[in-house]
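Source file: input.cif. Holds: mmCIF, C-alpha atoms.
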```cif
data_protein
loop_
_atom_site.label_atom_id
_atom_site.label_comp_id
_atom_site.auth_asym_id
_atom_site.auth_seq_id
_atom_site.Cartn_x
_atom_site.Cartn_y
_atom_site.Cartn_z
CA MET A 27 36.60 -23.24 -66.25
CA GLY A 28 37.02 -24.55 -69.74
CA PHE A 29 36.55 -28.11 -68.59
CA PHE A 30 33.02 -27.59 -67.32
CA LYS A 31 32.06 -25.09 -69.96
CA PHE A 32 32.86 -27.65 -72.63
CA PHE A 33 29.89 -29.78 -71.60
CA ARG A 34 27.38 -26.98 -71.55
CA SER A 35 25.86 -25.25 -74.49
CA ASN A 36 27.17 -21.91 -73.33
CA LYS A 37 25.18 -19.93 -75.91
CA ASP A 38 22.07 -20.17 -73.72
CA ASP A 39 23.61 -20.33 -70.31
CA ASP A 40 25.49 -17.06 -70.19
CA ALA A 41 24.08 -15.27 -73.18
CA SER A 42 24.60 -11.78 -71.86
CA ALA A 43 24.55 -10.53 -75.45
CA LYS A 44 20.88 -11.48 -75.66
CA LEU A 45 20.18 -9.47 -72.53
CA ALA A 46 22.07 -6.53 -73.99
CA LYS A 47 20.05 -6.64 -77.18
CA ASP A 48 16.73 -6.87 -75.38
CA ARG A 49 17.59 -3.89 -73.19
CA LEU A 50 18.77 -1.85 -76.15
CA GLN A 51 15.67 -2.60 -78.17
CA VAL A 52 13.44 -1.05 -75.55
CA LEU A 53 15.76 1.87 -74.99
CA ILE A 54 16.31 2.76 -78.62
CA ALA A 55 12.63 2.51 -79.43
CA HIS A 56 12.02 4.96 -76.60
CA GLN A 57 14.82 7.22 -77.79
CA ARG A 58 13.40 7.28 -81.31
CA THR A 59 9.84 8.22 -80.37
CA GLY A 60 11.25 11.60 -79.47
CA ARG A 61 12.66 12.28 -82.91
CA GLU A 62 10.57 10.35 -85.42
CA GLY A 63 7.12 11.43 -84.31
CA PRO A 64 5.57 14.85 -84.80
CA ASP A 65 6.67 17.74 -82.58
CA TYR A 66 3.60 17.59 -80.36
CA LEU A 67 4.13 13.97 -79.31
CA PRO A 68 6.29 14.62 -76.23
CA MET A 69 3.89 17.37 -75.08
CA LEU A 70 0.87 15.14 -75.66
CA LYS A 71 2.55 12.42 -73.65
CA GLN A 72 3.26 14.81 -70.78
CA ASP A 73 -0.32 16.06 -70.74
CA ILE A 74 -1.72 12.54 -70.70
CA LEU A 75 0.66 11.67 -67.89
CA ASP A 76 -0.44 14.73 -65.90
CA VAL A 77 -4.10 13.79 -66.25
CA ILE A 78 -3.46 10.23 -65.15
CA LYS A 79 -1.40 11.44 -62.20
CA LYS A 80 -4.41 13.42 -61.01
CA TYR A 81 -6.20 10.18 -60.32
CA VAL A 82 -3.61 7.43 -60.05
CA ALA A 83 -0.11 7.46 -58.61
CA VAL A 84 2.08 6.45 -61.53
CA GLY A 85 5.71 6.93 -62.44
CA ASP A 86 6.96 9.13 -65.26
CA ASP A 87 7.51 6.16 -67.53
CA ALA A 88 4.02 4.75 -67.12
CA VAL A 89 2.79 6.18 -70.42
CA SER A 90 4.20 5.16 -73.75
CA VAL A 91 2.96 6.93 -76.84
CA GLN A 92 3.69 5.48 -80.23
CA LEU A 93 2.69 6.73 -83.63
CA ASP A 94 2.60 4.07 -86.34
CA SER A 95 1.88 4.62 -90.00
CA GLN A 96 -0.29 1.98 -91.60
CA ASP A 97 -1.12 2.28 -95.29
CA ASP A 98 -2.93 5.60 -95.47
CA CYS A 99 -3.61 6.34 -91.83
CA ASP A 100 -1.58 6.98 -88.69
CA VAL A 101 -2.36 5.03 -85.55
CA LEU A 102 -1.65 6.60 -82.18
CA GLU A 103 -0.99 3.84 -79.72
CA LEU A 104 -1.24 4.65 -76.04
CA ASN A 105 0.08 2.27 -73.45
CA ILE A 106 -0.53 3.09 -69.84
CA THR A 107 0.97 0.80 -67.25
CA LEU A 108 -0.51 0.86 -63.78
CA SER A 109 1.56 -1.03 -61.26
CA GLU A 110 -0.10 -2.87 -58.41
CA ASP A 111 0.49 -0.21 -55.82
CA ALA A 112 -0.33 2.54 -58.30
CA THR A 113 -3.99 1.59 -58.07
CA SER A 114 -4.34 3.63 -54.91
CA THR A 115 -5.46 7.03 -56.10
CA ALA A 116 -3.08 9.89 -55.81
CA SER A 117 -5.37 12.63 -54.53
CA THR A 118 -7.81 10.78 -52.27
CA PRO A 119 -6.81 7.83 -50.13
CA SER A 120 -9.94 5.90 -50.95
CA ALA A 121 -8.89 3.01 -53.15
CA THR A 122 -7.93 -0.51 -52.21
CA SER A 123 -4.85 -2.26 -53.39
CA SER A 124 -6.69 -4.30 -55.92
CA SER A 125 -4.48 -6.51 -58.02
CA SER A 126 -6.16 -5.75 -61.31
CA PRO A 127 -5.24 -2.30 -62.63
CA SER A 128 -8.50 -1.97 -64.51
CA SER A 129 -10.74 -2.26 -61.44
CA ILE A 130 -10.06 0.57 -59.04
CA GLN A 131 -12.50 0.03 -56.19
CA PRO A 132 -12.74 1.89 -52.89
CA SER A 133 -12.14 -0.13 -49.77
CA ALA A 134 -14.90 -0.80 -47.27
CA ALA A 135 -13.24 1.58 -44.81
CA ALA A 136 -13.11 4.33 -47.40
CA LYS A 137 -16.77 3.83 -48.27
CA LYS A 138 -17.68 4.10 -44.59
CA ARG A 139 -15.65 7.31 -44.19
CA ALA A 140 -17.30 8.85 -47.22
CA MET A 141 -20.75 7.89 -46.02
CA GLU A 142 -20.10 9.49 -42.63
CA ARG A 143 -18.76 12.64 -44.29
CA ARG A 144 -21.79 13.03 -46.50
CA GLN A 145 -24.14 12.42 -43.59
CA ALA A 146 -22.34 15.04 -41.53
CA ALA A 147 -22.66 17.51 -44.40
CA THR A 148 -26.41 17.19 -44.71
CA MET B 28 33.30 17.05 -106.42
CA THR B 29 34.54 17.13 -102.85
CA LYS B 30 32.93 14.65 -100.48
CA THR B 31 32.84 15.39 -96.77
CA ILE B 32 32.69 12.40 -94.43
CA VAL B 33 32.32 12.67 -90.65
CA VAL B 34 33.58 9.91 -88.37
CA THR B 35 31.38 10.07 -85.31
CA SER B 36 30.01 7.92 -82.47
CA GLY B 37 28.68 9.91 -79.54
CA LYS B 38 30.61 7.75 -77.11
CA GLY B 39 34.32 8.24 -76.55
CA GLY B 40 37.03 5.65 -76.88
CA VAL B 41 35.34 3.55 -79.55
CA GLY B 42 37.92 4.23 -82.27
CA LYS B 43 36.91 7.44 -84.06
CA THR B 44 40.44 8.77 -84.43
CA THR B 45 41.86 5.36 -85.36
CA THR B 46 39.12 5.08 -87.98
CA SER B 47 39.57 8.64 -89.28
CA ALA B 48 43.30 8.06 -89.71
CA SER B 49 42.86 4.75 -91.51
CA ILE B 50 39.98 5.85 -93.73
CA ALA B 51 41.83 9.01 -94.80
CA THR B 52 45.05 7.07 -95.41
CA GLY B 53 43.19 4.38 -97.35
CA LEU B 54 41.47 6.91 -99.62
CA ALA B 55 44.74 8.76 -100.28
CA LYS B 56 46.49 5.46 -101.03
CA ARG B 57 43.92 4.87 -103.75
CA GLY B 58 44.86 8.18 -105.32
CA PHE B 59 42.28 10.56 -103.89
CA LYS B 60 43.44 13.91 -102.57
CA THR B 61 42.37 13.66 -98.95
CA VAL B 62 42.50 15.81 -95.83
CA VAL B 63 41.67 14.60 -92.34
CA ILE B 64 40.57 17.28 -89.88
CA ASP B 65 40.80 16.90 -86.11
CA PHE B 66 37.71 18.60 -84.63
CA ASP B 67 38.61 17.71 -81.06
CA VAL B 68 39.75 21.20 -80.14
CA GLY B 69 41.54 21.12 -76.79
CA LEU B 70 42.21 17.38 -76.92
CA ARG B 71 44.24 17.02 -80.08
CA ASN B 72 45.13 13.39 -80.81
CA LEU B 73 44.89 12.73 -84.53
CA ASP B 74 48.42 14.12 -85.00
CA LEU B 75 49.74 11.39 -82.65
CA ILE B 76 47.88 8.60 -84.45
CA MET B 77 49.11 9.94 -87.79
CA GLY B 78 52.64 10.33 -86.42
CA CYS B 79 53.02 14.02 -87.24
CA GLU B 80 52.82 15.53 -83.73
CA ARG B 81 56.22 17.18 -84.04
CA ARG B 82 55.30 18.93 -87.26
CA VAL B 83 52.29 20.89 -85.95
CA VAL B 84 52.84 24.62 -86.26
CA TYR B 85 49.42 26.10 -86.93
CA ASP B 86 46.04 24.50 -86.22
CA LEU B 87 42.37 24.55 -87.11
CA VAL B 88 41.58 27.46 -84.79
CA ASN B 89 44.38 29.56 -86.37
CA LEU B 90 42.91 28.78 -89.77
CA VAL B 91 39.35 29.58 -88.69
CA ASN B 92 40.55 32.87 -87.16
CA GLN B 93 42.52 33.64 -90.33
CA GLU B 94 45.77 33.78 -88.41
CA ALA B 95 47.38 31.29 -90.81
CA SER B 96 46.79 30.25 -94.40
CA LEU B 97 45.53 26.84 -95.50
CA HIS B 98 48.93 26.08 -96.98
CA GLN B 99 50.66 26.90 -93.69
CA THR B 100 48.23 24.85 -91.62
CA LEU B 101 48.00 21.62 -93.64
CA ILE B 102 50.59 18.97 -92.77
CA LYS B 103 51.55 16.81 -95.71
CA ASP B 104 51.89 13.13 -94.82
CA LYS B 105 55.41 11.78 -95.35
CA ARG B 106 54.35 8.27 -96.33
CA ILE B 107 51.38 8.77 -98.63
CA ASP B 108 51.01 11.27 -101.46
CA ASN B 109 47.76 13.21 -101.55
CA LEU B 110 47.28 12.93 -97.78
CA TYR B 111 47.08 15.98 -95.54
CA ILE B 112 46.38 16.45 -91.84
CA LEU B 113 44.65 19.47 -90.34
CA PRO B 114 45.37 19.35 -86.61
CA ALA B 115 43.19 20.67 -83.80
CA SER B 116 44.33 23.31 -81.37
CA GLN B 117 45.64 22.09 -78.06
CA THR B 118 45.27 25.30 -76.10
CA ARG B 119 41.86 26.59 -77.14
CA ASP B 120 38.42 25.10 -76.50
CA LYS B 121 35.56 24.10 -78.73
CA ASP B 122 33.91 27.52 -78.49
CA ALA B 123 36.71 28.83 -80.69
CA LEU B 124 34.94 27.20 -83.65
CA THR B 125 31.99 28.71 -85.47
CA ILE B 126 29.88 27.39 -88.33
CA GLU B 127 30.86 30.42 -90.43
CA GLY B 128 34.56 29.84 -89.70
CA ILE B 129 34.35 26.15 -90.57
CA ALA B 130 32.36 27.00 -93.71
CA ARG B 131 35.25 29.21 -94.85
CA VAL B 132 37.74 26.37 -94.25
CA MET B 133 35.54 23.89 -96.15
CA HIS B 134 35.27 26.33 -99.02
CA LYS B 135 39.04 26.72 -99.19
CA LEU B 136 39.53 22.96 -99.17
CA LYS B 137 37.04 22.55 -101.99
CA LYS B 138 38.84 25.23 -103.98
CA SER B 139 42.10 23.32 -103.41
CA LYS B 140 40.48 20.36 -105.19
CA PHE B 141 40.34 17.90 -102.34
CA ASP B 142 38.38 14.75 -103.21
CA TYR B 143 37.68 13.81 -99.60
CA ILE B 144 37.44 15.74 -96.35
CA ILE B 145 37.39 13.39 -93.36
CA CYS B 146 36.15 15.03 -90.17
CA ASP B 147 37.29 13.33 -86.95
CA SER B 148 34.57 14.23 -84.44
CA PRO B 149 35.14 14.67 -80.72
CA ALA B 150 33.11 12.48 -78.38
CA GLY B 151 29.84 13.76 -76.97
CA ILE B 152 26.96 15.62 -78.55
CA GLU B 153 28.13 19.12 -77.71
CA LYS B 154 29.20 21.92 -79.98
CA GLY B 155 32.41 20.26 -81.21
CA ALA B 156 30.61 17.10 -82.32
CA LYS B 157 27.82 19.10 -83.96
CA MET B 158 30.36 21.24 -85.77
CA ALA B 159 32.16 18.14 -87.08
CA LEU B 160 29.01 16.65 -88.56
CA TYR B 161 27.36 19.84 -89.82
CA PHE B 162 28.90 19.81 -93.30
CA ALA B 163 28.88 16.03 -93.79
CA ASP B 164 27.67 14.35 -96.97
CA GLU B 165 28.28 10.95 -95.43
CA ALA B 166 28.77 9.68 -91.89
CA ILE B 167 30.73 6.74 -90.57
CA VAL B 168 29.14 5.85 -87.24
CA THR B 169 31.77 3.99 -85.24
CA THR B 170 30.23 1.55 -82.78
CA ASN B 171 31.59 -1.01 -80.33
CA PRO B 172 29.54 -4.15 -79.65
CA GLU B 173 28.61 -2.82 -76.25
CA VAL B 174 25.35 -1.39 -74.88
CA SER B 175 26.42 2.16 -74.16
CA SER B 176 28.12 2.56 -77.51
CA VAL B 177 25.09 1.29 -79.44
CA ARG B 178 22.78 3.62 -77.55
CA ASP B 179 25.02 6.62 -78.16
CA SER B 180 25.34 5.75 -81.84
CA ASP B 181 21.59 5.80 -82.13
CA ARG B 182 21.57 9.18 -80.44
CA ILE B 183 24.14 10.60 -82.83
CA LEU B 184 22.10 9.24 -85.78
CA GLY B 185 19.20 11.31 -84.50
CA ILE B 186 21.42 14.39 -84.42
CA LEU B 187 22.71 13.70 -87.95
CA GLN B 188 19.12 13.53 -89.13
CA SER B 189 18.11 16.79 -87.50
CA GLU B 190 21.14 19.04 -87.10
CA SER B 191 23.33 18.47 -90.14
CA LYS B 192 23.39 21.09 -92.87
CA ARG B 193 21.73 18.65 -95.25
CA SER B 194 18.79 18.15 -92.87
CA LYS B 195 18.45 21.87 -92.15
CA MET B 196 18.49 22.75 -95.86
CA ASN B 197 16.06 19.93 -96.68
CA GLU B 198 18.61 18.34 -98.97
CA GLU B 199 19.15 14.65 -99.54
CA PRO B 200 19.92 13.17 -96.09
CA VAL B 201 23.45 12.38 -94.91
CA LYS B 202 24.42 8.89 -96.10
CA GLU B 203 24.97 6.75 -93.01
CA HIS B 204 27.47 3.91 -92.65
CA LEU B 205 27.90 1.62 -89.68
CA LEU B 206 31.45 0.63 -88.75
CA ILE B 207 31.71 -1.90 -85.93
CA THR B 208 35.06 -1.75 -84.19
CA ARG B 209 36.72 -3.93 -81.52
CA TYR B 210 34.68 -6.91 -82.63
CA ASN B 211 35.53 -10.19 -80.94
CA PRO B 212 33.95 -13.15 -82.80
CA THR B 213 34.86 -15.61 -80.06
CA ARG B 214 32.92 -13.67 -77.46
CA VAL B 215 30.03 -13.26 -79.90
CA LYS B 216 29.99 -17.01 -80.45
CA ASP B 217 29.81 -17.55 -76.69
CA GLY B 218 26.89 -15.16 -76.46
CA GLN B 219 28.81 -12.62 -74.43
CA MET B 220 28.95 -9.89 -77.04
CA LEU B 221 26.37 -8.28 -79.30
CA SER B 222 26.71 -9.73 -82.78
CA VAL B 223 26.94 -7.83 -86.07
CA ASP B 224 23.37 -8.87 -86.84
CA ASP B 225 22.19 -7.57 -83.46
CA ILE B 226 23.78 -4.16 -83.99
CA VAL B 227 22.64 -3.81 -87.60
CA ASP B 228 19.19 -4.82 -86.48
CA LEU B 229 19.14 -2.24 -83.67
CA LEU B 230 20.63 0.72 -85.52
CA ALA B 231 19.11 -0.12 -88.91
CA ILE B 232 21.79 1.48 -91.09
CA PRO B 233 23.97 -0.19 -93.76
CA LEU B 234 27.14 -1.94 -92.59
CA LEU B 235 30.41 -0.53 -93.92
CA GLY B 236 32.72 -2.91 -92.12
CA ILE B 237 33.70 -4.90 -89.08
CA ILE B 238 37.08 -4.19 -87.53
CA PRO B 239 38.12 -7.10 -85.32
CA GLU B 240 39.72 -6.46 -81.95
CA SER B 241 43.39 -6.68 -82.74
CA PRO B 242 46.67 -6.00 -80.93
CA SER B 243 47.97 -4.33 -84.08
CA VAL B 244 45.69 -1.32 -83.48
CA LEU B 245 47.60 -0.43 -80.31
CA ASP B 246 50.94 -1.25 -81.96
CA SER B 247 50.08 1.09 -84.81
CA SER B 248 49.02 3.99 -82.62
CA ASN B 249 52.14 3.47 -80.51
CA ALA B 250 54.14 3.88 -83.69
CA GLY B 251 52.08 6.78 -85.06
CA LYS B 252 51.19 4.83 -88.16
CA PRO B 253 47.56 4.30 -89.28
CA VAL B 254 46.68 0.61 -88.87
CA ILE B 255 45.50 0.37 -92.48
CA LEU B 256 49.18 0.53 -93.51
CA ASP B 257 49.75 -2.76 -91.67
CA ASP B 258 48.76 -5.16 -94.43
CA GLU B 259 49.51 -8.15 -92.24
CA SER B 260 46.99 -7.30 -89.54
CA GLU B 261 43.34 -8.26 -89.67
CA ALA B 262 42.32 -4.76 -88.57
CA GLY B 263 44.34 -3.23 -91.41
CA GLN B 264 42.76 -5.56 -93.95
CA ALA B 265 39.31 -4.89 -92.55
CA TYR B 266 39.82 -1.13 -92.95
CA SER B 267 41.03 -1.73 -96.50
CA ASP B 268 37.82 -3.65 -97.26
CA ALA B 269 35.81 -0.78 -95.74
CA ILE B 270 37.50 1.65 -98.16
CA ASP B 271 36.48 -0.55 -101.09
CA ARG B 272 32.88 -0.56 -99.88
CA LEU B 273 32.97 3.19 -99.30
CA LEU B 274 33.99 3.54 -102.94
CA GLY B 275 31.03 1.45 -104.03
CA GLU B 276 32.53 -2.01 -104.37
CA SER B 277 30.69 -4.91 -102.82
CA LYS B 278 32.96 -7.07 -100.75
CA PRO B 279 32.00 -9.90 -98.42
CA HIS B 280 32.54 -9.12 -94.74
CA ARG B 281 35.48 -10.91 -93.14
CA PHE B 282 36.66 -11.56 -89.59
CA MET B 283 33.21 -12.44 -88.32
CA GLU B 284 33.97 -16.07 -87.49
CA ALA B 285 35.67 -17.23 -84.33
CA PRO B 286 38.89 -19.13 -84.99
CA LYS B 287 38.36 -22.87 -84.69
CA LYS B 288 39.73 -24.21 -81.43
CA GLY B 289 41.20 -27.66 -81.14
CA PHE B 290 39.54 -30.23 -78.92
CA LEU B 291 42.09 -29.93 -76.14
CA SER B 292 42.12 -26.14 -76.02
CA ARG B 293 38.33 -26.16 -75.85
CA LEU B 294 38.45 -28.61 -73.03
CA PHE B 295 41.07 -26.84 -70.95
CA GLY B 296 41.18 -23.32 -72.40
#
```

Let me see the file written as structure tokens.
Amino acid sequence: MGFFKFFRSNKDDDASAKLAKDRLQVLIAHQRTGREGPDYLPMLKQDILDVIKKYVAVGDDAVSVQLDSQDDCDVLELNITLSEDATSTASTPSATSSSSPSSIQPSAAAKKRAMERRQAAT
Amino acid sequence: MTKTIVVTSGKGGVGKTTTSASIATGLAKRGFKTVVIDFDVGLRNLDLIMGCERRVVYDLVNLVNQEASLHQTLIKDKRIDNLYILPASQTRDKDALTIEGIARVMHKLKKSKFDYIICDSPAGIEKGAKMALYFADEAIVTTNPEVSSVRDSDRILGILQSESKRSKMNEEPVKEHLLITRYNPTRVKDGQMLSVDDIVDLLAIPLLGIIPESPSVLDSSNAGKPVILDDESEAGQAYSDAIDRLLGESKPHRFMEAPKKGFLSRLFG
């Protein structure tokens, strides 16, 4: 409705173009890492992802690898995103759902189970 | 020196053939001997846009397979001197083309003293598209202000930088130009459409021109007449400006501003 739209600053209200640009920025940056970096970059990324998956349940897009050139050196930037539910380990069900990705702690129940297992083994 | 320019986009339906027809016509109008080649083997359409569909006898595949001579295959435009059309085959598929075959055709065109070879690429990133861009000295990347088109343009830029002859031979890279088509300044102003600045920012290649969304584009293709010949239309004028820039002139970009609306039409429009 033109009548109502007239009184709004429509640039901010329905700025779908802004959304489009933001989405594209992420996507194109991702698309370009494949072709601008050295050949080993995709393989390195896959290997890192595989190692992380051994310990933490993460999705395939959890690791972003970026190679930046600064003056006379290259900087390899690794970004690993662990979601909240990814903090439970993939191979052993021993971690809690801690909210902070950096502190992966076993739950009290898991500790008890482990203790019992070790005692049974000795 | 013959210059080979590919018109490409990745995505279909963004205006590659419309652009190829107008760019070739514009260059020929300025006196350059120009040929426009339809690389969309199997889905021939350039002949329709150029209005010469009833004059096709032989096609690109015949020429590549040496079943017809260059002279027999080229269709001379009836309106513009120096303009020739090389149509695609309608019955074969893209596998009928080979790099060696295309190289022979390019060589013949160079020997015939063409100034410009415009290659109208098929959509996609398959063999046909790669064939169209392989010999390019310059590329006109046709992009709509729309997410999927911008993404695909970026993809095709990657292919230009890695799979063109110039990249494979470690020569000077293909010169890239961005051509934004179907631009609607009113929707940009309302924040509903990616702006020129947004697209230039994302794709990071020099801007050759902005072709505004215009009813005359459809009128022209209906009539089989490249829109650049319609001096009255904004799209025609915008293509004409693009030709000037392609030839090295610096011209300010037009048709980027939304037409001013009166108070009442803004209130009730």

Tell me, as a PyMOL selection string, which residues lie within 12 Å of A:Leu102, counting only C-alpha atoms; anything in the same chain fewer than 4 positions away does not count. chain A and resi 59+63-64+67+70-71+90-96

Enumerate as a PDB file with C-alpha atoms, in the coordinates of the input the residues belonging to chain B that approach chain A to within 10 Å, with all atoms listed in the file taken into account.
```pdb
ATOM      1  CA  PRO B 172      29.540  -4.150 -79.650  1.00  0.00           C
ATOM      2  CA  GLU B 173      28.610  -2.820 -76.250  1.00  0.00           C
ATOM      3  CA  VAL B 174      25.350  -1.390 -74.880  1.00  0.00           C
ATOM      4  CA  SER B 175      26.420   2.160 -74.160  1.00  0.00           C
ATOM      5  CA  VAL B 177      25.090   1.290 -79.440  1.00  0.00           C
ATOM      6  CA  ARG B 178      22.780   3.620 -77.550  1.00  0.00           C
ATOM      7  CA  ASP B 179      25.020   6.620 -78.160  1.00  0.00           C
ATOM      8  CA  ASP B 181      21.590   5.800 -82.130  1.00  0.00           C
ATOM      9  CA  ARG B 182      21.570   9.180 -80.440  1.00  0.00           C
ATOM     10  CA  LEU B 184      22.100   9.240 -85.780  1.00  0.00           C
ATOM     11  CA  GLY B 185      19.200  11.310 -84.500  1.00  0.00           C
ATOM     12  CA  ILE B 186      21.420  14.390 -84.420  1.00  0.00           C
ATOM     13  CA  GLN B 188      19.120  13.530 -89.130  1.00  0.00           C
ATOM     14  CA  SER B 189      18.110  16.790 -87.500  1.00  0.00           C
ATOM     15  CA  ARG B 214      32.920 -13.670 -77.460  1.00  0.00           C
ATOM     16  CA  VAL B 215      30.030 -13.260 -79.900  1.00  0.00           C
ATOM     17  CA  LYS B 216      29.990 -17.010 -80.450  1.00  0.00           C
ATOM     18  CA  ASP B 217      29.810 -17.550 -76.690  1.00  0.00           C
ATOM     19  CA  GLY B 218      26.890 -15.160 -76.460  1.00  0.00           C
ATOM     20  CA  GLN B 219      28.810 -12.620 -74.430  1.00  0.00           C
ATOM     21  CA  MET B 220      28.950  -9.890 -77.040  1.00  0.00           C
ATOM     22  CA  LEU B 221      26.370  -8.280 -79.300  1.00  0.00           C
ATOM     23  CA  SER B 222      26.710  -9.730 -82.780  1.00  0.00           C
ATOM     24  CA  ASP B 225      22.190  -7.570 -83.460  1.00  0.00           C
ATOM     25  CA  ILE B 226      23.780  -4.160 -83.990  1.00  0.00           C
ATOM     26  CA  ASP B 228      19.190  -4.820 -86.480  1.00  0.00           C
ATOM     27  CA  LEU B 229      19.140  -2.240 -83.670  1.00  0.00           C
ATOM     28  CA  LEU B 230      20.630   0.720 -85.520  1.00  0.00           C
ATOM     29  CA  PHE B 290      39.540 -30.230 -78.920  1.00  0.00           C
ATOM     30  CA  LEU B 291      42.090 -29.930 -76.140  1.00  0.00           C
ATOM     31  CA  SER B 292      42.120 -26.140 -76.020  1.00  0.00           C
ATOM     32  CA  ARG B 293      38.330 -26.160 -75.850  1.00  0.00           C
ATOM     33  CA  LEU B 294      38.450 -28.610 -73.030  1.00  0.00           C
ATOM     34  CA  PHE B 295      41.070 -26.840 -70.950  1.00  0.00           C
ATOM     35  CA  GLY B 296      41.180 -23.320 -72.400  1.00  0.00           C
TER      36      GLY B 296
END
```

Residues at most 9 Å from B:Phe59, counting all atoms listed in the file, excluding those fewer than 4 positions away in the same chain, as number ranges by chain? B: 54-55, 109-110, 141-143

Expected file: the selected residues, C-alpha atoms, as a PDB file, in the coordinates of the input:
```pdb
ATOM      1  CA  LEU B  54      41.470   6.910 -99.620  1.00  0.00           C
ATOM      2  CA  ALA B  55      44.740   8.760-100.280  1.00  0.00           C
ATOM      3  CA  ASN B 109      47.760  13.210-101.550  1.00  0.00           C
ATOM      4  CA  LEU B 110      47.280  12.930 -97.780  1.00  0.00           C
ATOM      5  CA  PHE B 141      40.340  17.900-102.340  1.00  0.00           C
ATOM      6  CA  ASP B 142      38.380  14.750-103.210  1.00  0.00           C
ATOM      7  CA  TYR B 143      37.680  13.810 -99.600  1.00  0.00           C
TER       8      TYR B 143
END
```

Applied to this file, what does the PyMOL selection byres ((chain B and resi 122) around 10) return in terms of residues, put as number ranges by chain? B: 68, 88, 119-121, 123-125, 154-155

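Of note, atom CA of B:Val83 and atom CA of B:Ile144 are spaced 18.8 Å apart.
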
Quick one: residues within 10 Å of A:Gly85, only C-alpha atoms counted, chain neighbours fewer than 6 positions away excluded, as a PyMOL selection string? chain A and resi 75+79+107-109+112

What does the distance between atom CA of B:Glu190 and atom CA of B:Arg209 come to in Å, to one decimal place? 28.3 Å

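The residues caught by the PyMOL selection byres ((chain B and resi 90-105) around 8) in this file are Cys79, Arg82, Val83, Val84, Tyr85, Asp86, Leu87, Val88, Asn89, Arg106, Ile107, Asp108, Asn109, Leu110, Tyr111, Ile112, Leu113, Pro114, Leu124, Gly128, Ile129, Arg131, Val132 and Lys135 of chain B.
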
Keeping only C-alpha atoms, write the selected residues to a file as a PDB file, keeping the file's coordinate frame.
```pdb
ATOM      1  CA  CYS B  79      53.020  14.020 -87.240  1.00  0.00           C
ATOM      2  CA  ARG B  82      55.300  18.930 -87.260  1.00  0.00           C
ATOM      3  CA  VAL B  83      52.290  20.890 -85.950  1.00  0.00           C
ATOM      4  CA  VAL B  84      52.840  24.620 -86.260  1.00  0.00           C
ATOM      5  CA  TYR B  85      49.420  26.100 -86.930  1.00  0.00           C
ATOM      6  CA  ASP B  86      46.040  24.500 -86.220  1.00  0.00           C
ATOM      7  CA  LEU B  87      42.370  24.550 -87.110  1.00  0.00           C
ATOM      8  CA  VAL B  88      41.580  27.460 -84.790  1.00  0.00           C
ATOM      9  CA  ASN B  89      44.380  29.560 -86.370  1.00  0.00           C
ATOM     10  CA  ARG B 106      54.350   8.270 -96.330  1.00  0.00           C
ATOM     11  CA  ILE B 107      51.380   8.770 -98.630  1.00  0.00           C
ATOM     12  CA  ASP B 108      51.010  11.270-101.460  1.00  0.00           C
ATOM     13  CA  ASN B 109      47.760  13.210-101.550  1.00  0.00           C
ATOM     14  CA  LEU B 110      47.280  12.930 -97.780  1.00  0.00           C
ATOM     15  CA  TYR B 111      47.080  15.980 -95.540  1.00  0.00           C
ATOM     16  CA  ILE B 112      46.380  16.450 -91.840  1.00  0.00           C
ATOM     17  CA  LEU B 113      44.650  19.470 -90.340  1.00  0.00           C
ATOM     18  CA  PRO B 114      45.370  19.350 -86.610  1.00  0.00           C
ATOM     19  CA  LEU B 124      34.940  27.200 -83.650  1.00  0.00           C
ATOM     20  CA  GLY B 128      34.560  29.840 -89.700  1.00  0.00           C
ATOM     21  CA  ILE B 129      34.350  26.150 -90.570  1.00  0.00           C
ATOM     22  CA  ARG B 131      35.250  29.210 -94.850  1.00  0.00           C
ATOM     23  CA  VAL B 132      37.740  26.370 -94.250  1.00  0.00           C
ATOM     24  CA  LYS B 135      39.040  26.720 -99.190  1.00  0.00           C
TER      25      LYS B 135
END
```

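Between atom CA of B:Thr208 and atom CA of B:Ala262 the separation is 9.0 Å.
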
Contacts of B:Met133 within 10 Å, all atoms listed in the file, excl. fewer than 6 positions in-chain, as a PDB file with C-alpha atoms, in the frame of the given file:
```
ATOM      1  CA  THR B  29      34.540  17.130-102.850  1.00  0.00           C
ATOM      2  CA  THR B  31      32.840  15.390 -96.770  1.00  0.00           C
ATOM      3  CA  GLU B 127      30.860  30.420 -90.430  1.00  0.00           C
ATOM      4  CA  SER B 139      42.100  23.320-103.410  1.00  0.00           C
ATOM      5  CA  PHE B 141      40.340  17.900-102.340  1.00  0.00           C
ATOM      6  CA  ILE B 144      37.440  15.740 -96.350  1.00  0.00           C
ATOM      7  CA  PHE B 162      28.900  19.810 -93.300  1.00  0.00           C
TER       8      PHE B 162
END
```

What residues come out when you apply the PyMOL selection byres ((chain B and resi 268) around 12) to this file, written as a PyMOL selection string? chain B and resi 49-50+53-54+206+234-238+255+258+261-267+269-282
